[in-house]
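What follows is query_6.tsv (TSV, C-alpha atoms).
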chain	number	residue	atom	x	y	z
A	1	MET	CA	-20.98	1.11	5.30
A	2	GLU	CA	-23.33	-1.88	4.93
A	3	ILE	CA	-23.83	-1.16	1.22
A	4	LEU	CA	-20.07	-0.89	0.70
A	5	THR	CA	-19.50	-4.19	2.55
A	6	LEU	CA	-22.15	-5.91	0.43
A	7	LYS	CA	-20.43	-4.69	-2.74
A	8	TRP	CA	-17.10	-6.10	-1.59
A	9	ILE	CA	-18.70	-9.43	-0.71
A	10	ALA	CA	-20.51	-9.52	-4.06
A	11	VAL	CA	-17.29	-8.85	-6.00
A	12	PHE	CA	-15.41	-11.53	-4.05
A	13	VAL	CA	-18.16	-14.13	-4.57
A	14	LEU	CA	-18.39	-13.24	-8.27
A	15	ALA	CA	-14.63	-13.68	-8.64
A	16	LEU	CA	-14.76	-17.03	-6.84
A	17	VAL	CA	-17.51	-18.29	-9.14
A	18	VAL	CA	-15.92	-17.04	-12.37
A	19	LEU	CA	-12.38	-18.14	-11.57
A	20	GLY	CA	-13.47	-21.39	-9.95
A	21	PHE	CA	-15.69	-22.57	-12.81
A	22	GLY	CA	-14.43	-25.98	-13.85
A	23	ILE	CA	-11.78	-26.13	-11.13
A	24	SER	CA	-12.21	-29.90	-10.75
A	25	HIS	CA	-12.62	-30.75	-14.43
A	26	CYS	CA	-8.88	-31.21	-15.10
A	27	GLY	CA	-6.73	-33.69	-13.24
A	28	ILE	CA	-3.50	-32.84	-11.49
A	29	ALA	CA	-0.92	-31.40	-13.93
A	30	ALA	CA	-3.43	-31.74	-16.80
A	31	SER	CA	-4.21	-28.03	-17.25
A	32	LEU	CA	-2.34	-26.10	-19.93
A	33	VAL	CA	-0.57	-23.01	-18.64
A	34	ASP	CA	0.15	-22.03	-22.24
A	35	PRO	CA	-2.51	-23.46	-24.61
A	36	ILE	CA	-0.63	-22.22	-27.70
A	37	ASN	CA	2.65	-23.99	-26.94
A	38	LYS	CA	0.85	-26.82	-25.08
A	39	ILE	CA	2.80	-26.32	-21.84
A	40	PRO	CA	1.11	-28.22	-18.99
A	41	ALA	CA	1.10	-27.29	-15.30
A	42	GLN	CA	3.44	-30.19	-14.58
A	43	ASP	CA	4.79	-28.74	-11.32
A	44	GLU	CA	1.32	-29.16	-9.82
A	45	ALA	CA	1.95	-32.89	-9.38
A	46	VAL	CA	5.05	-32.25	-7.28
A	47	TYR	CA	3.42	-29.56	-5.15
A	48	ALA	CA	0.24	-31.58	-4.60
A	49	ASN	CA	2.19	-34.66	-3.51
A	50	THR	CA	4.24	-32.57	-1.09
A	51	ALA	CA	1.22	-30.86	0.46
A	52	ILE	CA	-0.76	-34.10	0.87
A	53	HIS	CA	2.14	-35.79	2.64
A	54	MET	CA	2.68	-32.71	4.80
A	55	ALA	CA	-0.95	-32.86	5.92
A	56	ALA	CA	-0.74	-36.61	6.52
A	57	ASP	CA	2.64	-36.72	8.28
A	58	GLY	CA	2.32	-33.49	10.26
A	59	ASP	CA	5.85	-32.39	9.34
A	60	TRP	CA	5.18	-28.72	8.60
A	61	ILE	CA	8.82	-27.68	8.71
A	62	SER	CA	10.48	-29.94	6.13
A	63	PRO	CA	8.51	-30.41	2.86
A	64	LYS	CA	9.18	-33.75	1.18
A	65	PHE	CA	8.62	-35.25	-2.26
A	66	LEU	CA	9.00	-39.01	-2.77
A	67	GLY	CA	10.65	-39.27	0.64
A	68	ARG	CA	13.29	-36.63	-0.07
A	69	TYR	CA	13.48	-33.08	1.21
A	70	ALA	CA	11.84	-30.59	-1.17
A	71	PHE	CA	13.42	-27.22	-0.45
A	72	TYR	CA	13.45	-25.98	-4.03
A	73	LYS	CA	10.40	-23.79	-3.34
A	74	PRO	CA	9.43	-21.86	-0.19
A	75	PRO	CA	6.80	-23.57	1.97
A	76	LEU	CA	3.90	-21.09	2.01
A	77	LEU	CA	1.99	-22.78	-0.82
A	78	TYR	CA	2.50	-26.18	0.84
A	79	TRP	CA	1.28	-24.84	4.19
A	80	THR	CA	-1.87	-23.20	2.86
A	81	THR	CA	-2.72	-26.23	0.73
A	82	ALA	CA	-2.04	-28.69	3.53
A	83	ILE	CA	-4.41	-26.73	5.76
A	84	GLY	CA	-7.10	-27.09	3.08
A	85	VAL	CA	-6.43	-30.81	2.85
A	86	LYS	CA	-6.65	-31.12	6.64
A	87	LEU	CA	-9.98	-29.27	6.71
A	88	PHE	CA	-11.70	-30.72	3.66
A	89	GLY	CA	-9.76	-33.86	2.79
A	90	PRO	CA	-7.63	-34.48	-0.30
A	91	SER	CA	-9.46	-33.41	-3.45
A	92	LEU	CA	-8.85	-31.29	-6.52
A	93	VAL	CA	-10.83	-28.45	-4.97
A	94	SER	CA	-9.04	-28.47	-1.60
A	95	LEU	CA	-5.64	-28.67	-3.31
A	96	ARG	CA	-6.43	-25.70	-5.52
A	97	LEU	CA	-8.38	-23.66	-2.97
A	98	PRO	CA	-5.48	-21.34	-1.96
A	99	SER	CA	-4.90	-20.39	-5.60
A	100	LEU	CA	-8.61	-19.78	-6.16
A	101	ILE	CA	-8.95	-17.60	-3.07
A	102	ALA	CA	-5.79	-15.68	-4.01
A	103	GLY	CA	-7.15	-15.02	-7.50
A	104	ALA	CA	-10.48	-13.81	-6.12
A	105	LEU	CA	-8.74	-11.58	-3.58
A	106	THR	CA	-6.59	-10.10	-6.33
A	107	ALA	CA	-9.73	-9.14	-8.23
A	108	LEU	CA	-11.17	-7.67	-5.02
A	109	LEU	CA	-8.02	-5.60	-4.43
A	110	VAL	CA	-8.17	-4.20	-7.96
A	111	PHE	CA	-11.83	-3.32	-7.40
A	112	GLY	CA	-11.11	-1.51	-4.14
A	113	TRP	CA	-8.02	0.21	-5.54
A	114	LEU	CA	-9.86	1.63	-8.56
A	115	CYS	CA	-13.00	2.51	-6.60
A	116	ARG	CA	-10.94	4.55	-4.16
A	117	PHE	CA	-9.16	6.61	-6.81
A	118	ARG	CA	-11.42	6.50	-9.88
A	119	GLY	CA	-14.91	5.61	-8.69
A	120	MET	CA	-17.30	2.67	-8.85
A	121	LEU	CA	-17.46	2.50	-12.65
A	122	ALA	CA	-13.67	2.20	-12.94
A	123	GLY	CA	-13.65	-0.42	-10.19
A	124	SER	CA	-16.32	-2.49	-11.92
A	125	LEU	CA	-14.57	-2.29	-15.28
A	126	GLY	CA	-11.27	-3.18	-13.61
A	127	VAL	CA	-12.75	-6.33	-12.10
A	128	LEU	CA	-14.20	-7.37	-15.46
A	129	LEU	CA	-10.79	-6.83	-17.06
A	130	VAL	CA	-9.03	-8.88	-14.38
A	131	LEU	CA	-11.57	-11.71	-14.59
A	132	SER	CA	-11.22	-11.82	-18.39
A	133	ASP	CA	-7.48	-12.58	-18.14
A	134	HIS	CA	-6.82	-16.13	-19.34
A	135	LEU	CA	-3.62	-16.61	-17.34
A	136	LEU	CA	-5.30	-15.60	-14.08
A	137	HIS	CA	-8.04	-18.13	-14.82
A	138	VAL	CA	-5.51	-20.91	-15.32
A	139	MET	CA	-3.35	-20.03	-12.31
A	140	SER	CA	-6.40	-19.72	-10.04
A	141	ARG	CA	-7.41	-23.28	-10.92
A	142	VAL	CA	-4.09	-25.07	-10.39
A	143	MET	CA	-1.96	-25.67	-7.33
A	144	MET	CA	0.99	-23.51	-8.24
A	145	CYS	CA	2.70	-20.50	-6.67
A	146	ASP	CA	1.70	-17.86	-9.21
A	147	ALA	CA	-1.79	-16.86	-8.05
A	148	LEU	CA	-0.57	-16.42	-4.47
A	149	LEU	CA	2.45	-14.46	-5.68
A	150	VAL	CA	0.29	-12.10	-7.75
A	151	PHE	CA	-1.96	-11.50	-4.75
A	152	TRP	CA	0.90	-10.56	-2.41
A	153	ILE	CA	2.48	-8.27	-5.02
A	154	THR	CA	-0.86	-6.59	-5.78
A	155	ALA	CA	-1.53	-6.12	-2.06
A	156	ALA	CA	1.93	-4.61	-1.47
A	157	MET	CA	1.69	-2.15	-4.35
A	158	GLY	CA	-1.90	-1.36	-3.45
A	159	TRP	CA	-0.71	-0.36	0.01
A	160	VAL	CA	1.75	2.07	-1.56
A	161	ALA	CA	-1.14	3.58	-3.51
A	162	TYR	CA	-3.11	3.87	-0.25
A	163	ASP	CA	-0.18	5.47	1.60
A	164	PRO	CA	2.29	6.74	-1.05
A	165	GLY	CA	4.91	7.96	1.38
A	166	LEU	CA	4.56	5.00	3.78
A	167	ARG	CA	4.08	7.65	6.46
A	168	ARG	CA	1.50	5.87	8.57
A	169	ARG	CA	3.03	4.18	11.57
A	170	GLY	CA	2.54	0.61	10.41
A	171	SER	CA	2.83	1.10	6.64
A	172	PRO	CA	6.51	0.11	6.21
A	173	TRP	CA	5.92	-3.01	8.27
A	174	ILE	CA	2.75	-3.95	6.37
A	175	PHE	CA	4.42	-3.45	3.00
A	176	GLY	CA	7.48	-5.40	4.13
A	177	ALA	CA	5.37	-8.25	5.52
A	178	LEU	CA	3.49	-8.55	2.22
A	179	ALA	CA	6.80	-8.62	0.34
A	180	GLY	CA	8.07	-11.24	2.78
A	181	LEU	CA	5.01	-13.39	2.14
A	182	ALA	CA	5.69	-13.06	-1.59
A	183	ILE	CA	9.22	-14.34	-0.95
A	184	MET	CA	7.80	-17.20	1.11
A	185	THR	CA	5.60	-18.05	-1.88
A	186	LYS	CA	8.08	-18.07	-4.76
A	187	GLY	CA	11.54	-17.18	-3.54
A	188	VAL	CA	13.44	-14.65	-5.63
A	189	ALA	CA	10.31	-13.66	-7.58
A	190	GLY	CA	8.90	-12.35	-4.32
A	191	VAL	CA	11.58	-9.66	-4.21
A	192	LEU	CA	9.75	-7.75	-6.96
A	193	PRO	CA	7.76	-5.51	-4.55
A	194	LEU	CA	11.00	-4.47	-2.84
A	195	LEU	CA	12.62	-3.65	-6.17
A	196	ALA	CA	9.51	-1.68	-7.14
A	197	LEU	CA	9.70	0.22	-3.84
A	198	VAL	CA	13.31	1.20	-4.49
A	199	LEU	CA	12.43	2.36	-8.00
A	200	TYR	CA	9.45	4.30	-6.65
A	201	TRP	CA	11.65	5.90	-4.00
A	202	ILE	CA	14.02	7.09	-6.73
A	203	LEU	CA	11.42	8.34	-9.21
A	204	ALA	CA	8.50	9.52	-7.04
A	205	PRO	CA	7.87	13.26	-6.65
A	206	PRO	CA	9.26	14.63	-3.37
A	207	LYS	CA	5.84	14.99	-1.74
A	208	ASP	CA	5.12	11.26	-2.22
A	209	ARG	CA	8.63	9.87	-1.79
A	210	PRO	CA	8.99	7.60	1.25
A	211	ARG	CA	11.73	8.43	3.70
A	212	ALA	CA	14.84	6.29	3.59
A	213	ARG	CA	14.00	5.05	7.08
A	214	ALA	CA	10.58	3.80	5.92
A	215	VAL	CA	12.20	1.94	3.03
A	216	GLY	CA	14.72	0.42	5.41
A	217	LEU	CA	11.96	-0.71	7.78
A	218	ALA	CA	10.10	-2.30	4.85
A	219	PHE	CA	13.20	-4.27	3.91
A	220	ALA	CA	13.67	-5.30	7.55
A	221	ALA	CA	10.09	-6.54	7.77
A	222	ALA	CA	10.48	-8.51	4.54
A	223	ALA	CA	13.68	-10.06	5.88
A	224	ALA	CA	11.96	-10.97	9.15
A	225	VAL	CA	9.13	-12.76	7.33
A	226	GLY	CA	11.08	-14.34	4.46
A	227	GLY	CA	14.52	-14.61	6.04
A	228	PRO	CA	13.94	-17.75	8.16
A	229	TRP	CA	13.24	-19.76	5.02
Would you encode the structure as structure tokens?
Amino acid sequence: MEILTLKWIAVFVLALVVLGFGISHCGIAASLVDPINKIPAQDEAVYANTAIHMAADGDWISPKFLGRYAFYKPPLLYWTTAIGVKLFGPSLVSLRLPSLIAGALTALLVFGWLCRFRGMLAGSLGVLLVLSDHLLHVMSRVMMCDALLVFWITAAMGWVAYDPGLRRRGSPWIFGALAGLAIMTKGVAGVLPLLALVLYWILAPPKDRPRARAVGLAFAAAAAVGGPW
């Protein structure tokens, strides 16, 4: 157990170092999401301003940008970033810390997923493949919703791989909560795990197909987490 724990810690730290390299080299909204078409991460300026003011004002319910309500994105990214700003002060690292942690956790999930079903070699190669992805590098080093969204989706689908029929007592609720957190991160895009669950329910072999009740509970949990927003 101790050896396994050390491996998980080592993979997480490795992912943090690789994805976080140069995290403070580019200013806000200066990174290029698409280096070919020269598309900058311009939304980062809006999100950073909103999170900093949330941390300063203490208004955690109503995000604001330039004094106006900013309800065009769900608040989870603002909340996690504002917590980082509260703890470590406003800086490029604290603003981008939630994205960096989400990217590292995504790599860790892929490692655990592949190790469970294909062995340590597959897990190690999977991590190297994930960490070599340019888009994950960019999104883990900017304050935008995408790295968090990818983490919640990966966690939700990984849970289905762990319990294909969602037959464990808490599985529908865990899957639904993860989908709800994805919705709280990027709105409609967060519905993707629920759509994938429906498709899986239709196409999965009978022995792995979740019961309709489990699917319904997953949707209920997602609604409970994401619905208030």
Counting all atoms listed in the file, which residues of range 87-138 of chain A fall within 10 Å of range 145-153 of chain A, and what is the closest atom pair for each with its distance in Å at one decimal, ordered by chain and rising number, as CSV?
residue,atom,partner,partner_atom,distance
A:Pro98,CA,A:Leu148,CA,7.4
A:Ser99,CA,A:Ala147,CA,5.3
A:Leu100,CA,A:Ala147,CA,7.7
A:Ile101,CA,A:Leu148,CA,8.6
A:Ala102,CA,A:Leu148,CA,5.3
A:Gly103,CA,A:Ala147,CA,5.7
A:Ala104,CA,A:Phe151,CA,8.9
A:Leu105,CA,A:Phe151,CA,6.9
A:Thr106,CA,A:Phe151,CA,5.1
A:Ala107,CA,A:Phe151,CA,8.8
A:Leu108,CA,A:Phe151,CA,10.0
A:Leu109,CA,A:Phe151,CA,8.5
A:Leu135,CA,A:Ala147,CA,9.5
A:Leu136,CA,A:Ala147,CA,7.1
A:His137,CA,A:Ala147,CA,9.3
A:Val138,CA,A:Ala147,CA,9.1
Quiz item: Using all atoms listed in the file, which of the listed residues (A:Lys86, A:His134, A:Lys64, A:Arg167) sits closest to Asn49 in chain A?
Solution: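 Using all atoms listed in the file, the shortest distance to Asn49 in chain A belongs to A:Lys64.
For the set A:Leu95, A:Leu76, A:Val127, A:Met54, the residue with the smallest atom-to-atom gap to Ala182 in chain A is A:Leu76, counting all atoms listed in the file.
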Quiz prompt | Long-range neighbours of Gly22 in chain A as JSON, numbers by chain, 12 Å cut-off, all atoms listed in the file, 3 positions minimum in chain | solution = {"A": [16, 17, 18, 19, 25, 26, 27, 31, 92, 93, 96, 100, 137, 138, 140, 141, 142]}
Quiz item: Which residues, protein or nucleic acid, reach to within 10 Å of (10.5, -6.3, 10.2) in the file's coordinates when using all atoms listed in the file, and can you give that as a ChimeraX atom specification?
Solution: /A:172-177,180,216-226
Quiz item: Using all atoms listed in the file, which of the listed residues (A:Leu87, A:Leu125, A:Ala196, A:Gly187) sits closest to Ala156 in chain A?
Solution: A:Ala196
Should you be able to, write range 73-146 of chain A of this structure into a file that contains C-alpha atoms, as a PDB file, in the first residue's frame.
ATOM      1  CA  LYS A  73     -20.088  31.583 -16.664  1.00  0.00           C
ATOM      2  CA  PRO A  74     -20.808  29.375 -13.630  1.00  0.00           C
ATOM      3  CA  PRO A  75     -18.945  30.381 -10.461  1.00  0.00           C
ATOM      4  CA  LEU A  76     -16.829  27.310  -9.640  1.00  0.00           C
ATOM      5  CA  LEU A  77     -13.688  28.628 -11.345  1.00  0.00           C
ATOM      6  CA  TYR A  78     -14.125  31.991  -9.602  1.00  0.00           C
ATOM      7  CA  TRP A  79     -14.584  30.298  -6.223  1.00  0.00           C
ATOM      8  CA  THR A  80     -11.548  28.048  -6.476  1.00  0.00           C
ATOM      9  CA  THR A  81      -9.373  30.876  -7.762  1.00  0.00           C
ATOM     10  CA  ALA A  82     -10.593  33.333  -5.143  1.00  0.00           C
ATOM     11  CA  ILE A  83      -9.701  30.811  -2.442  1.00  0.00           C
ATOM     12  CA  GLY A  84      -6.169  30.646  -3.876  1.00  0.00           C
ATOM     13  CA  VAL A  85      -5.961  34.432  -3.900  1.00  0.00           C
ATOM     14  CA  LYS A  86      -7.170  34.553  -0.282  1.00  0.00           C
ATOM     15  CA  LEU A  87      -4.558  32.005   0.796  1.00  0.00           C
ATOM     16  CA  PHE A  88      -1.535  33.134  -1.207  1.00  0.00           C
ATOM     17  CA  GLY A  89      -2.346  36.658  -2.354  1.00  0.00           C
ATOM     18  CA  PRO A  90      -2.947  37.844  -5.922  1.00  0.00           C
ATOM     19  CA  SER A  91      -0.281  36.495  -8.268  1.00  0.00           C
ATOM     20  CA  LEU A  92      -0.048  34.678 -11.573  1.00  0.00           C
ATOM     21  CA  VAL A  93       0.574  31.409  -9.742  1.00  0.00           C
ATOM     22  CA  SER A  94      -2.335  31.722  -7.302  1.00  0.00           C
ATOM     23  CA  LEU A  95      -4.703  32.733 -10.111  1.00  0.00           C
ATOM     24  CA  ARG A  96      -3.707  29.736 -12.212  1.00  0.00           C
ATOM     25  CA  LEU A  97      -3.332  27.230  -9.371  1.00  0.00           C
ATOM     26  CA  PRO A  98      -6.796  25.587  -9.791  1.00  0.00           C
ATOM     27  CA  SER A  99      -6.087  24.914 -13.475  1.00  0.00           C
ATOM     28  CA  LEU A 100      -2.648  23.507 -12.682  1.00  0.00           C
ATOM     29  CA  ILE A 101      -3.960  21.206  -9.966  1.00  0.00           C
ATOM     30  CA  ALA A 102      -6.812  20.078 -12.234  1.00  0.00           C
ATOM     31  CA  GLY A 103      -4.365  19.242 -15.027  1.00  0.00           C
ATOM     32  CA  ALA A 104      -2.136  17.269 -12.662  1.00  0.00           C
ATOM     33  CA  LEU A 105      -5.123  15.408 -11.222  1.00  0.00           C
ATOM     34  CA  THR A 106      -6.283  14.537 -14.734  1.00  0.00           C
ATOM     35  CA  ALA A 107      -2.895  12.965 -15.432  1.00  0.00           C
ATOM     36  CA  LEU A 108      -3.136  11.098 -12.110  1.00  0.00           C
ATOM     37  CA  LEU A 109      -6.600   9.771 -12.979  1.00  0.00           C
ATOM     38  CA  VAL A 110      -5.367   8.497 -16.337  1.00  0.00           C
ATOM     39  CA  PHE A 111      -2.461   6.799 -14.574  1.00  0.00           C
ATOM     40  CA  GLY A 112      -4.724   5.082 -12.045  1.00  0.00           C
ATOM     41  CA  TRP A 113      -7.293   4.154 -14.689  1.00  0.00           C
ATOM     42  CA  LEU A 114      -4.741   2.455 -16.955  1.00  0.00           C
ATOM     43  CA  CYS A 115      -2.845   0.829 -14.086  1.00  0.00           C
ATOM     44  CA  ARG A 116      -6.051  -0.782 -12.843  1.00  0.00           C
ATOM     45  CA  PHE A 117      -7.017  -2.293 -16.186  1.00  0.00           C
ATOM     46  CA  ARG A 118      -3.770  -2.595 -18.166  1.00  0.00           C
ATOM     47  CA  GLY A 119      -0.915  -2.545 -15.672  1.00  0.00           C
ATOM     48  CA  MET A 120       1.868  -0.214 -14.582  1.00  0.00           C
ATOM     49  CA  LEU A 121       3.515   0.045 -18.005  1.00  0.00           C
ATOM     50  CA  ALA A 122       0.277   1.192 -19.644  1.00  0.00           C
ATOM     51  CA  GLY A 123      -0.297   3.659 -16.805  1.00  0.00           C
ATOM     52  CA  SER A 124       3.178   5.139 -17.165  1.00  0.00           C
ATOM     53  CA  LEU A 125       2.866   5.450 -20.940  1.00  0.00           C
ATOM     54  CA  GLY A 126      -0.579   7.000 -20.517  1.00  0.00           C
ATOM     55  CA  VAL A 127       0.782   9.681 -18.208  1.00  0.00           C
ATOM     56  CA  LEU A 128       3.586  10.485 -20.643  1.00  0.00           C
ATOM     57  CA  LEU A 129       1.032  10.778 -23.442  1.00  0.00           C
ATOM     58  CA  VAL A 130      -1.193  13.082 -21.388  1.00  0.00           C
ATOM     59  CA  LEU A 131       1.724  15.267 -20.307  1.00  0.00           C
ATOM     60  CA  SER A 132       2.902  15.590 -23.918  1.00  0.00           C
ATOM     61  CA  ASP A 133      -0.414  17.160 -24.990  1.00  0.00           C
ATOM     62  CA  HIS A 134       0.141  20.801 -25.918  1.00  0.00           C
ATOM     63  CA  LEU A 135      -3.423  21.917 -25.212  1.00  0.00           C
ATOM     64  CA  LEU A 136      -3.370  20.446 -21.700  1.00  0.00           C
ATOM     65  CA  HIS A 137      -0.123  22.324 -21.065  1.00  0.00           C
ATOM     66  CA  VAL A 138      -1.673  25.613 -22.138  1.00  0.00           C
ATOM     67  CA  MET A 139      -4.949  25.141 -20.271  1.00  0.00           C
ATOM     68  CA  SER A 140      -3.143  24.077 -17.090  1.00  0.00           C
ATOM     69  CA  ARG A 141      -1.202  27.343 -17.101  1.00  0.00           C
ATOM     70  CA  VAL A 142      -4.047  29.819 -17.638  1.00  0.00           C
ATOM     71  CA  MET A 143      -7.038  30.773 -15.531  1.00  0.00           C
ATOM     72  CA  MET A 144      -9.767  29.364 -17.724  1.00  0.00           C
ATOM     73  CA  CYS A 145     -12.500  26.765 -17.260  1.00  0.00           C
ATOM     74  CA  ASP A 146     -11.126  24.061 -19.541  1.00  0.00           C
TER      75      ASP A 146
END
